[in-house]
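Enquirer: Just so it is clear, I am handing over upload14.cif, which has mmCIF, N, CA, C and O atoms.
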data_input
#
loop_
_atom_site.label_atom_id
_atom_site.label_comp_id
_atom_site.auth_asym_id
_atom_site.auth_seq_id
_atom_site.Cartn_x
_atom_site.Cartn_y
_atom_site.Cartn_z
N MET A 1 -19.61 6.75 -6.98
CA MET A 1 -18.75 5.59 -7.19
C MET A 1 -17.55 6.02 -8.02
O MET A 1 -17.70 6.77 -8.98
N HIS A 2 -16.40 5.55 -7.66
CA HIS A 2 -15.17 5.87 -8.37
C HIS A 2 -14.88 4.81 -9.43
O HIS A 2 -15.25 3.65 -9.27
N LYS A 3 -14.21 5.22 -10.48
CA LYS A 3 -13.84 4.30 -11.55
C LYS A 3 -12.37 3.93 -11.38
O LYS A 3 -11.51 4.82 -11.25
N LEU A 4 -12.08 2.63 -11.39
CA LEU A 4 -10.70 2.17 -11.30
C LEU A 4 -10.12 2.04 -12.70
O LEU A 4 -10.73 1.45 -13.59
N ILE A 5 -8.92 2.59 -12.89
CA ILE A 5 -8.22 2.53 -14.16
C ILE A 5 -7.07 1.53 -14.02
O ILE A 5 -6.16 1.74 -13.20
N PHE A 6 -7.13 0.45 -14.76
CA PHE A 6 -6.10 -0.59 -14.73
C PHE A 6 -5.14 -0.37 -15.91
O PHE A 6 -5.50 -0.66 -17.05
N THR A 7 -3.95 0.14 -15.64
CA THR A 7 -2.97 0.34 -16.70
C THR A 7 -2.38 -1.01 -17.11
O THR A 7 -2.46 -1.99 -16.36
N GLU A 8 -1.79 -1.05 -18.28
CA GLU A 8 -1.18 -2.28 -18.78
C GLU A 8 -0.07 -2.76 -17.85
O GLU A 8 0.03 -3.95 -17.55
N ILE A 9 0.75 -1.83 -17.39
CA ILE A 9 1.84 -2.19 -16.46
C ILE A 9 1.27 -2.74 -15.16
O ILE A 9 1.75 -3.74 -14.63
N PHE A 10 0.22 -2.10 -14.65
CA PHE A 10 -0.39 -2.58 -13.42
C PHE A 10 -0.91 -4.00 -13.59
O PHE A 10 -0.73 -4.85 -12.71
N LEU A 11 -1.57 -4.28 -14.71
CA LEU A 11 -2.14 -5.61 -14.93
C LEU A 11 -1.07 -6.69 -14.91
O LEU A 11 -1.30 -7.79 -14.39
N LYS A 12 0.11 -6.39 -15.43
CA LYS A 12 1.23 -7.36 -15.38
C LYS A 12 1.68 -7.58 -13.94
O LYS A 12 1.93 -8.71 -13.53
N ARG A 13 1.78 -6.50 -13.19
CA ARG A 13 2.20 -6.63 -11.79
C ARG A 13 1.13 -7.35 -10.97
O ARG A 13 1.44 -8.11 -10.06
N GLU A 14 -0.12 -7.09 -11.30
CA GLU A 14 -1.23 -7.75 -10.61
C GLU A 14 -1.17 -9.26 -10.85
O GLU A 14 -1.34 -10.05 -9.92
N GLN A 15 -0.93 -9.67 -12.09
CA GLN A 15 -0.82 -11.09 -12.41
C GLN A 15 0.27 -11.75 -11.58
O GLN A 15 0.09 -12.83 -11.02
N SER A 16 1.41 -11.10 -11.50
CA SER A 16 2.53 -11.63 -10.72
C SER A 16 2.16 -11.73 -9.24
O SER A 16 2.45 -12.73 -8.58
N PHE A 17 1.53 -10.68 -8.71
CA PHE A 17 1.12 -10.66 -7.31
C PHE A 17 0.16 -11.82 -7.01
O PHE A 17 0.33 -12.54 -6.03
N ILE A 18 -0.83 -12.01 -7.86
CA ILE A 18 -1.82 -13.07 -7.65
C ILE A 18 -1.18 -14.45 -7.75
O ILE A 18 -1.49 -15.34 -6.96
N ARG A 19 -0.27 -14.60 -8.69
CA ARG A 19 0.42 -15.89 -8.84
C ARG A 19 1.24 -16.22 -7.59
O ARG A 19 1.26 -17.36 -7.13
N LYS A 20 1.90 -15.21 -7.03
CA LYS A 20 2.75 -15.42 -5.85
C LYS A 20 1.94 -15.55 -4.56
O LYS A 20 2.39 -16.16 -3.60
N HIS A 21 0.75 -14.94 -4.52
CA HIS A 21 -0.04 -14.87 -3.28
C HIS A 21 -1.50 -15.24 -3.50
O HIS A 21 -2.39 -14.42 -3.25
N PRO A 22 -1.77 -16.47 -3.92
CA PRO A 22 -3.18 -16.86 -4.15
C PRO A 22 -4.04 -16.77 -2.90
O PRO A 22 -5.25 -16.58 -2.99
N GLU A 23 -3.42 -16.84 -1.74
CA GLU A 23 -4.16 -16.76 -0.47
C GLU A 23 -4.73 -15.35 -0.23
O GLU A 23 -5.61 -15.17 0.62
N LEU A 24 -4.25 -14.36 -0.98
CA LEU A 24 -4.70 -12.98 -0.79
C LEU A 24 -5.71 -12.52 -1.84
O LEU A 24 -6.14 -11.37 -1.81
N ILE A 25 -6.11 -13.41 -2.74
CA ILE A 25 -6.99 -13.01 -3.84
C ILE A 25 -8.30 -12.41 -3.33
O ILE A 25 -8.72 -11.33 -3.77
N GLU A 26 -8.96 -13.07 -2.41
CA GLU A 26 -10.25 -12.57 -1.91
C GLU A 26 -10.09 -11.23 -1.20
O GLU A 26 -10.89 -10.32 -1.38
N LYS A 27 -9.06 -11.10 -0.39
CA LYS A 27 -8.81 -9.84 0.31
C LYS A 27 -8.51 -8.73 -0.70
O LYS A 27 -9.00 -7.61 -0.58
N TYR A 28 -7.72 -9.03 -1.71
CA TYR A 28 -7.37 -8.08 -2.76
C TYR A 28 -8.63 -7.60 -3.49
O TYR A 28 -8.82 -6.41 -3.71
N LYS A 29 -9.51 -8.54 -3.86
CA LYS A 29 -10.75 -8.19 -4.55
C LYS A 29 -11.63 -7.30 -3.67
O LYS A 29 -12.26 -6.36 -4.16
N LYS A 30 -11.67 -7.59 -2.38
CA LYS A 30 -12.45 -6.78 -1.45
C LYS A 30 -11.90 -5.35 -1.39
O LYS A 30 -12.67 -4.38 -1.38
N ILE A 31 -10.57 -5.21 -1.40
CA ILE A 31 -9.93 -3.89 -1.40
C ILE A 31 -10.34 -3.11 -2.65
O ILE A 31 -10.68 -1.93 -2.57
N LEU A 32 -10.32 -3.76 -3.81
CA LEU A 32 -10.69 -3.09 -5.05
C LEU A 32 -12.15 -2.63 -5.02
O LEU A 32 -12.46 -1.51 -5.44
N ARG A 33 -13.05 -3.48 -4.52
CA ARG A 33 -14.47 -3.11 -4.44
C ARG A 33 -14.66 -1.90 -3.51
O ARG A 33 -15.40 -0.98 -3.81
N LEU A 34 -13.96 -1.94 -2.38
CA LEU A 34 -14.07 -0.85 -1.42
C LEU A 34 -13.49 0.45 -1.99
O LEU A 34 -14.03 1.53 -1.76
N LEU A 35 -12.41 0.35 -2.75
CA LEU A 35 -11.83 1.53 -3.40
C LEU A 35 -12.85 2.19 -4.32
O LEU A 35 -12.95 3.41 -4.37
N GLU A 36 -13.59 1.38 -5.06
CA GLU A 36 -14.61 1.91 -5.96
C GLU A 36 -15.71 2.63 -5.18
O GLU A 36 -16.17 3.69 -5.59
N LEU A 37 -16.12 2.05 -4.09
CA LEU A 37 -17.22 2.60 -3.31
C LEU A 37 -16.80 3.79 -2.46
O LEU A 37 -17.49 4.81 -2.42
N ASP A 38 -15.67 3.65 -1.75
CA ASP A 38 -15.24 4.70 -0.83
C ASP A 38 -13.74 4.60 -0.58
O ASP A 38 -13.30 3.91 0.34
N PRO A 39 -12.93 5.27 -1.40
CA PRO A 39 -11.47 5.16 -1.25
C PRO A 39 -10.96 5.71 0.07
O PRO A 39 -9.82 5.45 0.45
N PHE A 40 -11.79 6.43 0.80
CA PHE A 40 -11.37 7.00 2.07
C PHE A 40 -11.87 6.20 3.27
O PHE A 40 -11.74 6.64 4.42
N HIS A 41 -12.40 5.02 3.02
CA HIS A 41 -12.86 4.15 4.10
C HIS A 41 -11.68 3.82 5.03
O HIS A 41 -10.57 3.51 4.56
N ALA A 42 -11.90 3.90 6.31
CA ALA A 42 -10.82 3.74 7.30
C ALA A 42 -10.08 2.41 7.18
O ALA A 42 -8.87 2.35 7.41
N SER A 43 -10.77 1.35 6.81
CA SER A 43 -10.13 0.04 6.74
C SER A 43 -9.07 -0.05 5.64
O SER A 43 -8.21 -0.92 5.68
N LEU A 44 -9.13 0.84 4.67
CA LEU A 44 -8.13 0.84 3.59
C LEU A 44 -6.80 1.44 4.04
O LEU A 44 -5.77 1.20 3.44
N ARG A 45 -6.84 2.26 5.08
CA ARG A 45 -5.64 2.94 5.57
C ARG A 45 -4.94 3.71 4.44
O ARG A 45 -3.73 3.64 4.26
N LEU A 46 -5.75 4.45 3.68
CA LEU A 46 -5.24 5.28 2.59
C LEU A 46 -4.29 6.33 3.16
O LEU A 46 -4.59 6.99 4.15
N HIS A 47 -3.13 6.45 2.55
CA HIS A 47 -2.19 7.47 2.99
C HIS A 47 -1.41 8.01 1.81
O HIS A 47 -1.15 7.31 0.84
N LYS A 48 -1.08 9.30 1.89
CA LYS A 48 -0.30 9.98 0.86
C LYS A 48 1.16 9.60 1.05
O LYS A 48 1.65 9.52 2.17
N LEU A 49 1.84 9.38 -0.05
CA LEU A 49 3.25 9.01 0.00
C LEU A 49 4.13 10.25 -0.04
O LEU A 49 3.67 11.34 -0.36
N LYS A 50 5.40 10.06 0.27
CA LYS A 50 6.35 11.18 0.33
C LYS A 50 7.50 10.94 -0.64
O LYS A 50 7.61 9.89 -1.24
N GLY A 51 8.34 11.94 -0.76
CA GLY A 51 9.53 11.83 -1.61
C GLY A 51 9.18 11.73 -3.07
O GLY A 51 8.31 12.45 -3.56
N LYS A 52 9.84 10.81 -3.78
CA LYS A 52 9.62 10.70 -5.22
C LYS A 52 8.21 10.20 -5.57
O LYS A 52 7.79 10.28 -6.70
N PHE A 53 7.47 9.72 -4.56
CA PHE A 53 6.10 9.27 -4.77
C PHE A 53 5.09 10.25 -4.19
O PHE A 53 3.94 9.89 -3.92
N SER A 54 5.47 11.49 -4.01
CA SER A 54 4.62 12.47 -3.32
C SER A 54 3.30 12.76 -4.04
O SER A 54 2.38 13.31 -3.43
N ASP A 55 3.18 12.39 -5.29
CA ASP A 55 1.93 12.59 -6.02
C ASP A 55 1.05 11.34 -6.01
O ASP A 55 0.04 11.27 -6.69
N LYS A 56 1.43 10.34 -5.20
CA LYS A 56 0.72 9.07 -5.16
C LYS A 56 0.22 8.77 -3.75
O LYS A 56 0.62 9.39 -2.78
N HIS A 57 -0.68 7.79 -3.67
CA HIS A 57 -1.23 7.31 -2.41
C HIS A 57 -1.06 5.80 -2.35
O HIS A 57 -0.80 5.16 -3.37
N ALA A 58 -1.25 5.24 -1.18
CA ALA A 58 -1.21 3.79 -1.02
C ALA A 58 -2.31 3.35 -0.07
O ALA A 58 -2.72 4.10 0.80
N VAL A 59 -2.77 2.11 -0.27
CA VAL A 59 -3.69 1.47 0.66
C VAL A 59 -3.07 0.15 1.06
O VAL A 59 -2.28 -0.44 0.31
N SER A 60 -3.44 -0.32 2.23
CA SER A 60 -2.91 -1.58 2.74
C SER A 60 -3.81 -2.74 2.33
O SER A 60 -5.02 -2.67 2.49
N ILE A 61 -3.18 -3.79 1.83
CA ILE A 61 -3.89 -5.05 1.59
C ILE A 61 -3.74 -5.89 2.86
O ILE A 61 -4.71 -6.41 3.39
N THR A 62 -2.51 -5.98 3.33
CA THR A 62 -2.19 -6.57 4.63
C THR A 62 -1.10 -5.69 5.23
O THR A 62 -0.72 -4.68 4.64
N TYR A 63 -0.57 -6.11 6.35
CA TYR A 63 0.51 -5.35 6.98
C TYR A 63 1.70 -5.20 6.02
O TYR A 63 2.34 -4.16 5.99
N SER A 64 1.98 -6.22 5.22
CA SER A 64 3.17 -6.22 4.36
C SER A 64 2.92 -5.82 2.91
O SER A 64 3.87 -5.50 2.20
N TYR A 65 1.68 -5.86 2.46
CA TYR A 65 1.40 -5.64 1.04
C TYR A 65 0.58 -4.38 0.82
O TYR A 65 -0.34 -4.08 1.57
N ARG A 66 0.95 -3.66 -0.25
CA ARG A 66 0.33 -2.36 -0.55
C ARG A 66 -0.16 -2.31 -2.00
O ARG A 66 0.33 -3.01 -2.87
N LEU A 67 -1.08 -1.40 -2.19
CA LEU A 67 -1.58 -1.06 -3.51
C LEU A 67 -1.31 0.42 -3.68
O LEU A 67 -1.78 1.24 -2.90
N VAL A 68 -0.50 0.78 -4.68
CA VAL A 68 -0.15 2.18 -4.93
C VAL A 68 -1.08 2.71 -6.02
O VAL A 68 -1.33 2.03 -7.03
N LEU A 69 -1.57 3.93 -5.81
CA LEU A 69 -2.54 4.50 -6.73
C LEU A 69 -2.39 6.01 -6.82
O LEU A 69 -1.66 6.62 -6.05
N SER A 70 -3.12 6.55 -7.77
CA SER A 70 -3.13 7.99 -7.98
C SER A 70 -4.56 8.40 -8.30
O SER A 70 -5.29 7.66 -8.95
N PHE A 71 -4.95 9.56 -7.82
CA PHE A 71 -6.27 10.10 -8.13
C PHE A 71 -6.15 11.04 -9.33
O PHE A 71 -5.18 11.78 -9.44
N THR A 72 -7.16 11.02 -10.21
CA THR A 72 -7.16 11.98 -11.30
C THR A 72 -7.50 13.36 -10.73
O THR A 72 -7.95 13.48 -9.60
N VAL A 73 -7.30 14.38 -11.53
CA VAL A 73 -7.50 15.76 -11.08
C VAL A 73 -8.91 15.96 -10.53
O VAL A 73 -9.10 16.57 -9.48
N ILE A 74 -9.91 15.44 -11.21
CA ILE A 74 -11.28 15.62 -10.73
C ILE A 74 -11.64 14.63 -9.63
O ILE A 74 -12.67 14.76 -9.00
N GLY A 75 -10.78 13.64 -9.40
CA GLY A 75 -10.96 12.73 -8.27
C GLY A 75 -11.97 11.63 -8.45
O GLY A 75 -12.22 10.86 -7.54
N GLU A 76 -12.59 11.52 -9.62
CA GLU A 76 -13.60 10.47 -9.84
C GLU A 76 -12.96 9.17 -10.31
O GLU A 76 -13.59 8.12 -10.24
N GLU A 77 -11.73 9.23 -10.79
CA GLU A 77 -11.04 8.04 -11.27
C GLU A 77 -9.81 7.78 -10.40
O GLU A 77 -9.16 8.71 -9.93
N ILE A 78 -9.52 6.49 -10.24
CA ILE A 78 -8.36 6.07 -9.47
C ILE A 78 -7.49 5.24 -10.39
O ILE A 78 -7.93 4.21 -10.91
N ILE A 79 -6.27 5.70 -10.60
CA ILE A 79 -5.34 4.99 -11.47
C ILE A 79 -4.51 4.06 -10.60
O ILE A 79 -3.79 4.50 -9.70
N LEU A 80 -4.61 2.76 -10.88
CA LEU A 80 -3.86 1.77 -10.13
C LEU A 80 -2.45 1.68 -10.72
O LEU A 80 -2.28 1.54 -11.94
N ILE A 81 -1.43 1.77 -9.86
CA ILE A 81 -0.06 1.86 -10.33
C ILE A 81 0.76 0.62 -10.04
O ILE A 81 1.47 0.11 -10.89
N ASP A 82 0.68 0.12 -8.81
CA ASP A 82 1.51 -1.03 -8.43
C ASP A 82 0.86 -1.78 -7.29
O ASP A 82 0.08 -1.22 -6.51
N VAL A 83 1.20 -3.05 -7.18
CA VAL A 83 0.72 -3.89 -6.09
C VAL A 83 1.85 -4.85 -5.73
O VAL A 83 2.55 -5.36 -6.59
N GLY A 84 2.07 -5.03 -4.42
CA GLY A 84 3.11 -5.95 -3.98
C GLY A 84 3.58 -5.64 -2.58
O GLY A 84 2.98 -4.85 -1.85
N HIS A 85 4.67 -6.28 -2.21
CA HIS A 85 5.27 -6.08 -0.90
C HIS A 85 5.70 -4.63 -0.77
O HIS A 85 6.18 -4.03 -1.74
N HIS A 86 5.54 -4.06 0.39
CA HIS A 86 5.80 -2.63 0.54
C HIS A 86 7.24 -2.23 0.19
O HIS A 86 7.49 -1.15 -0.27
N GLU A 87 8.19 -3.15 0.32
CA GLU A 87 9.58 -2.86 -0.07
C GLU A 87 9.77 -2.86 -1.58
O GLU A 87 10.67 -2.24 -2.10
N GLU A 88 8.88 -3.57 -2.30
CA GLU A 88 8.97 -3.64 -3.77
C GLU A 88 8.30 -2.45 -4.45
O GLU A 88 8.76 -2.01 -5.50
N VAL A 89 7.22 -1.96 -3.88
CA VAL A 89 6.44 -0.94 -4.58
C VAL A 89 6.90 0.49 -4.30
O VAL A 89 6.52 1.41 -5.02
N TYR A 90 7.70 0.69 -3.26
CA TYR A 90 8.17 2.03 -2.94
C TYR A 90 9.57 2.25 -3.46
O TYR A 90 10.42 1.48 -3.44
#
In structure tokens, what does this structure look like?

Expert:
Amino acid sequence: MHKLIFTEIFLKREQSFIRKHPELIEKYKKILRLLELDPFHASLRLHKLKGKFSDKHAVSITYSYRLVLSFTVIGEEIILIDVGHHEEVY
């Protein structure tokens, strides 16, 4: 099982995301649970980012919304970085 690390900045962005999109709360929670269990599960559509975000990954919440994250060196922890519309987080 992987440990999710919620940074202070991420928690602020998460609050904003939830406030703007209450209809996605259950789907968002499901994504977080699945990340803990298996971050490479096909339904997450985990993908490595490019350019200035080349050290980060993203998973899809919906077609339009993403969760940006980073794996620690040993890979047991997942640092949550940003959540929101794909145009906002990249």

Enquirer: Evaluate the PyMOL selection byres ((chain A and resi 76) around 6) against this structure - the residues, as a list in words, please.

Expert: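 So the PyMOL selection byres ((chain A and resi 76) around 6) ends up selecting Met1, His2, Lys3, Leu4, Thr72, Val73, Ile74, Gly75, Glu77 and Ile78 of chain A.
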
Enquirer: Would you write out those residues with N, CA, C and O atoms, as a PDB file, in the frame of the given file?

Expert:
ATOM      1  N   MET A   1     -19.610   6.750  -6.980  1.00  0.00           N
ATOM      2  CA  MET A   1     -18.750   5.590  -7.190  1.00  0.00           C
ATOM      3  C   MET A   1     -17.550   6.020  -8.020  1.00  0.00           C
ATOM      4  O   MET A   1     -17.700   6.770  -8.980  1.00  0.00           O
ATOM      5  N   HIS A   2     -16.400   5.550  -7.660  1.00  0.00           N
ATOM      6  CA  HIS A   2     -15.170   5.870  -8.370  1.00  0.00           C
ATOM      7  C   HIS A   2     -14.880   4.810  -9.430  1.00  0.00           C
ATOM      8  O   HIS A   2     -15.250   3.650  -9.270  1.00  0.00           O
ATOM      9  N   LYS A   3     -14.210   5.220 -10.480  1.00  0.00           N
ATOM     10  CA  LYS A   3     -13.840   4.300 -11.550  1.00  0.00           C
ATOM     11  C   LYS A   3     -12.370   3.930 -11.380  1.00  0.00           C
ATOM     12  O   LYS A   3     -11.510   4.820 -11.250  1.00  0.00           O
ATOM     13  N   LEU A   4     -12.080   2.630 -11.390  1.00  0.00           N
ATOM     14  CA  LEU A   4     -10.700   2.170 -11.300  1.00  0.00           C
ATOM     15  C   LEU A   4     -10.120   2.040 -12.700  1.00  0.00           C
ATOM     16  O   LEU A   4     -10.730   1.450 -13.590  1.00  0.00           O
ATOM     17  N   THR A  72      -7.160  11.020 -10.210  1.00  0.00           N
ATOM     18  CA  THR A  72      -7.160  11.980 -11.300  1.00  0.00           C
ATOM     19  C   THR A  72      -7.500  13.360 -10.730  1.00  0.00           C
ATOM     20  O   THR A  72      -7.950  13.480  -9.600  1.00  0.00           O
ATOM     21  N   VAL A  73      -7.300  14.380 -11.530  1.00  0.00           N
ATOM     22  CA  VAL A  73      -7.500  15.760 -11.080  1.00  0.00           C
ATOM     23  C   VAL A  73      -8.910  15.960 -10.530  1.00  0.00           C
ATOM     24  O   VAL A  73      -9.100  16.570  -9.480  1.00  0.00           O
ATOM     25  N   ILE A  74      -9.910  15.440 -11.210  1.00  0.00           N
ATOM     26  CA  ILE A  74     -11.280  15.620 -10.730  1.00  0.00           C
ATOM     27  C   ILE A  74     -11.640  14.630  -9.630  1.00  0.00           C
ATOM     28  O   ILE A  74     -12.670  14.760  -9.000  1.00  0.00           O
ATOM     29  N   GLY A  75     -10.780  13.640  -9.400  1.00  0.00           N
ATOM     30  CA  GLY A  75     -10.960  12.730  -8.270  1.00  0.00           C
ATOM     31  C   GLY A  75     -11.970  11.630  -8.450  1.00  0.00           C
ATOM     32  O   GLY A  75     -12.220  10.860  -7.540  1.00  0.00           O
ATOM     33  N   GLU A  77     -11.730   9.230 -10.790  1.00  0.00           N
ATOM     34  CA  GLU A  77     -11.040   8.040 -11.270  1.00  0.00           C
ATOM     35  C   GLU A  77      -9.810   7.780 -10.400  1.00  0.00           C
ATOM     36  O   GLU A  77      -9.160   8.710  -9.930  1.00  0.00           O
ATOM     37  N   ILE A  78      -9.520   6.490 -10.240  1.00  0.00           N
ATOM     38  CA  ILE A  78      -8.360   6.070  -9.470  1.00  0.00           C
ATOM     39  C   ILE A  78      -7.490   5.240 -10.390  1.00  0.00           C
ATOM     40  O   ILE A  78      -7.930   4.210 -10.910  1.00  0.00           O
TER      41      ILE A  78
END

Enquirer: Quick one: pull the distance between atom C of A:Glu26 and atom N of A:Lys56, Å, one decimal.

Expert: 24.8 Å

Enquirer: Which one of A:Ile81, A:Glu14, A:Ser70, A:Phe6 sits closest to A:Tyr28 if you count only C-alpha atoms?

Expert: A:Glu14

Enquirer: Give me the residues near A:Pro39 as a ChimeraX atom specification, where near means some atom within 8 Å (using all atoms listed in the file) and where sequence neighbours in that chain fewer than 6 positions away do not count.

Expert: /A:2,31-33,45-47,58-59

Enquirer: Can you list, as a list in words, every protein, DNA or RNA residue that comes within 7 Å of A:Thr7 when you count all atoms listed in the file, leaving out same-chain residues fewer than 6 positions away?

Expert: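 The neighbour list is Arg13, Ile79, Leu80 and Ile81 of chain A.
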
Enquirer: To one decimal place in Å, what is the distance between atom CA of A:Phe40 and atom CA of A:Lys20?

Expert: 27.7 Å

Enquirer: How would stretch 10-19 of chain A look with all heavy atoms restored, written as a PDB file, in the coordinates of the input?

Expert:
ATOM      1  N   PHE A  10       0.220  -2.100 -14.650  1.00  0.00           N
ATOM      2  CA  PHE A  10      -0.390  -2.580 -13.420  1.00  0.00           C
ATOM      3  C   PHE A  10      -0.910  -4.000 -13.590  1.00  0.00           C
ATOM      4  O   PHE A  10      -0.730  -4.850 -12.710  1.00  0.00           O
ATOM      5  CB  PHE A  10      -1.528  -1.662 -12.955  1.00  0.00           C
ATOM      6  CG  PHE A  10      -2.199  -2.190 -11.724  1.00  0.00           C
ATOM      7  CD1 PHE A  10      -1.646  -1.964 -10.476  1.00  0.00           C
ATOM      8  CD2 PHE A  10      -3.359  -2.951 -11.816  1.00  0.00           C
ATOM      9  CE1 PHE A  10      -2.243  -2.487  -9.330  1.00  0.00           C
ATOM     10  CE2 PHE A  10      -3.964  -3.474 -10.688  1.00  0.00           C
ATOM     11  CZ  PHE A  10      -3.398  -3.238  -9.442  1.00  0.00           C
ATOM     12  N   LEU A  11      -1.570  -4.280 -14.710  1.00  0.00           N
ATOM     13  CA  LEU A  11      -2.140  -5.610 -14.930  1.00  0.00           C
ATOM     14  C   LEU A  11      -1.070  -6.690 -14.910  1.00  0.00           C
ATOM     15  O   LEU A  11      -1.300  -7.790 -14.390  1.00  0.00           O
ATOM     16  CB  LEU A  11      -2.934  -5.644 -16.238  1.00  0.00           C
ATOM     17  CG  LEU A  11      -4.232  -4.838 -16.219  1.00  0.00           C
ATOM     18  CD1 LEU A  11      -4.851  -4.787 -17.607  1.00  0.00           C
ATOM     19  CD2 LEU A  11      -5.212  -5.386 -15.193  1.00  0.00           C
ATOM     20  N   LYS A  12       0.110  -6.390 -15.430  1.00  0.00           N
ATOM     21  CA  LYS A  12       1.230  -7.360 -15.380  1.00  0.00           C
ATOM     22  C   LYS A  12       1.680  -7.580 -13.940  1.00  0.00           C
ATOM     23  O   LYS A  12       1.930  -8.710 -13.530  1.00  0.00           O
ATOM     24  CB  LYS A  12       2.395  -6.869 -16.236  1.00  0.00           C
ATOM     25  CG  LYS A  12       2.119  -6.938 -17.719  1.00  0.00           C
ATOM     26  CD  LYS A  12       3.278  -6.411 -18.518  1.00  0.00           C
ATOM     27  CE  LYS A  12       2.929  -6.416 -19.997  1.00  0.00           C
ATOM     28  NZ  LYS A  12       3.988  -5.871 -20.827  1.00  0.00           N
ATOM     29  N   ARG A  13       1.780  -6.500 -13.190  1.00  0.00           N
ATOM     30  CA  ARG A  13       2.200  -6.630 -11.790  1.00  0.00           C
ATOM     31  C   ARG A  13       1.130  -7.350 -10.970  1.00  0.00           C
ATOM     32  O   ARG A  13       1.440  -8.110 -10.060  1.00  0.00           O
ATOM     33  CB  ARG A  13       2.508  -5.256 -11.225  1.00  0.00           C
ATOM     34  CG  ARG A  13       3.762  -4.690 -11.868  1.00  0.00           C
ATOM     35  CD  ARG A  13       4.132  -3.352 -11.343  1.00  0.00           C
ATOM     36  NE  ARG A  13       5.394  -2.935 -11.955  1.00  0.00           N
ATOM     37  CZ  ARG A  13       5.754  -1.704 -12.118  1.00  0.00           C
ATOM     38  NH1 ARG A  13       4.978  -0.724 -11.701  1.00  0.00           N
ATOM     39  NH2 ARG A  13       6.907  -1.409 -12.691  1.00  0.00           N
ATOM     40  N   GLU A  14      -0.120  -7.090 -11.300  1.00  0.00           N
ATOM     41  CA  GLU A  14      -1.230  -7.750 -10.610  1.00  0.00           C
ATOM     42  C   GLU A  14      -1.170  -9.260 -10.850  1.00  0.00           C
ATOM     43  O   GLU A  14      -1.340 -10.050  -9.920  1.00  0.00           O
ATOM     44  CB  GLU A  14      -2.556  -7.182 -11.106  1.00  0.00           C
ATOM     45  CG  GLU A  14      -3.768  -7.839 -10.479  1.00  0.00           C
ATOM     46  CD  GLU A  14      -5.057  -7.399 -11.128  1.00  0.00           C
ATOM     47  OE1 GLU A  14      -5.166  -7.493 -12.379  1.00  0.00           O
ATOM     48  OE2 GLU A  14      -5.955  -6.964 -10.397  1.00  0.00           O
ATOM     49  N   GLN A  15      -0.930  -9.670 -12.090  1.00  0.00           N
ATOM     50  CA  GLN A  15      -0.820 -11.090 -12.410  1.00  0.00           C
ATOM     51  C   GLN A  15       0.270 -11.750 -11.580  1.00  0.00           C
ATOM     52  O   GLN A  15       0.090 -12.830 -11.020  1.00  0.00           O
ATOM     53  CB  GLN A  15      -0.482 -11.298 -13.895  1.00  0.00           C
ATOM     54  CG  GLN A  15      -1.657 -11.334 -14.794  1.00  0.00           C
ATOM     55  CD  GLN A  15      -1.226 -11.639 -16.224  1.00  0.00           C
ATOM     56  OE1 GLN A  15      -0.057 -11.496 -16.599  1.00  0.00           O
ATOM     57  NE2 GLN A  15      -2.172 -12.050 -17.023  1.00  0.00           N
ATOM     58  N   SER A  16       1.410 -11.100 -11.500  1.00  0.00           N
ATOM     59  CA  SER A  16       2.530 -11.630 -10.720  1.00  0.00           C
ATOM     60  C   SER A  16       2.160 -11.730  -9.240  1.00  0.00           C
ATOM     61  O   SER A  16       2.450 -12.730  -8.580  1.00  0.00           O
ATOM     62  CB  SER A  16       3.746 -10.731 -10.917  1.00  0.00           C
ATOM     63  OG  SER A  16       4.806 -11.163 -10.108  1.00  0.00           O
ATOM     64  N   PHE A  17       1.530 -10.680  -8.710  1.00  0.00           N
ATOM     65  CA  PHE A  17       1.120 -10.660  -7.310  1.00  0.00           C
ATOM     66  C   PHE A  17       0.160 -11.820  -7.010  1.00  0.00           C
ATOM     67  O   PHE A  17       0.330 -12.540  -6.030  1.00  0.00           O
ATOM     68  CB  PHE A  17       0.464  -9.318  -6.978  1.00  0.00           C
ATOM     69  CG  PHE A  17      -0.073  -9.238  -5.582  1.00  0.00           C
ATOM     70  CD1 PHE A  17       0.784  -9.075  -4.502  1.00  0.00           C
ATOM     71  CD2 PHE A  17      -1.437  -9.329  -5.344  1.00  0.00           C
ATOM     72  CE1 PHE A  17       0.294  -9.001  -3.204  1.00  0.00           C
ATOM     73  CE2 PHE A  17      -1.935  -9.256  -4.057  1.00  0.00           C
ATOM     74  CZ  PHE A  17      -1.067  -9.101  -2.983  1.00  0.00           C
ATOM     75  N   ILE A  18      -0.830 -12.010  -7.860  1.00  0.00           N
ATOM     76  CA  ILE A  18      -1.820 -13.070  -7.650  1.00  0.00           C
ATOM     77  C   ILE A  18      -1.180 -14.450  -7.750  1.00  0.00           C
ATOM     78  O   ILE A  18      -1.490 -15.340  -6.960  1.00  0.00           O
ATOM     79  CB  ILE A  18      -2.998 -12.901  -8.640  1.00  0.00           C
ATOM     80  CG1 ILE A  18      -3.821 -11.672  -8.244  1.00  0.00           C
ATOM     81  CG2 ILE A  18      -3.862 -14.150  -8.695  1.00  0.00           C
ATOM     82  CD1 ILE A  18      -4.875 -11.269  -9.246  1.00  0.00           C
ATOM     83  N   ARG A  19      -0.270 -14.600  -8.690  1.00  0.00           N
ATOM     84  CA  ARG A  19       0.420 -15.890  -8.840  1.00  0.00           C
ATOM     85  C   ARG A  19       1.240 -16.220  -7.590  1.00  0.00           C
ATOM     86  O   ARG A  19       1.260 -17.360  -7.130  1.00  0.00           O
ATOM     87  CB  ARG A  19       1.310 -15.827 -10.089  1.00  0.00           C
ATOM     88  CG  ARG A  19       1.706 -17.158 -10.647  1.00  0.00           C
ATOM     89  CD  ARG A  19       2.447 -17.094 -11.980  1.00  0.00           C
ATOM     90  NE  ARG A  19       3.267 -15.907 -12.167  1.00  0.00           N
ATOM     91  CZ  ARG A  19       3.026 -14.936 -13.059  1.00  0.00           C
ATOM     92  NH1 ARG A  19       1.992 -15.012 -13.851  1.00  0.00           N
ATOM     93  NH2 ARG A  19       3.825 -13.907 -13.170  1.00  0.00           N
TER      94      ARG A  19
END
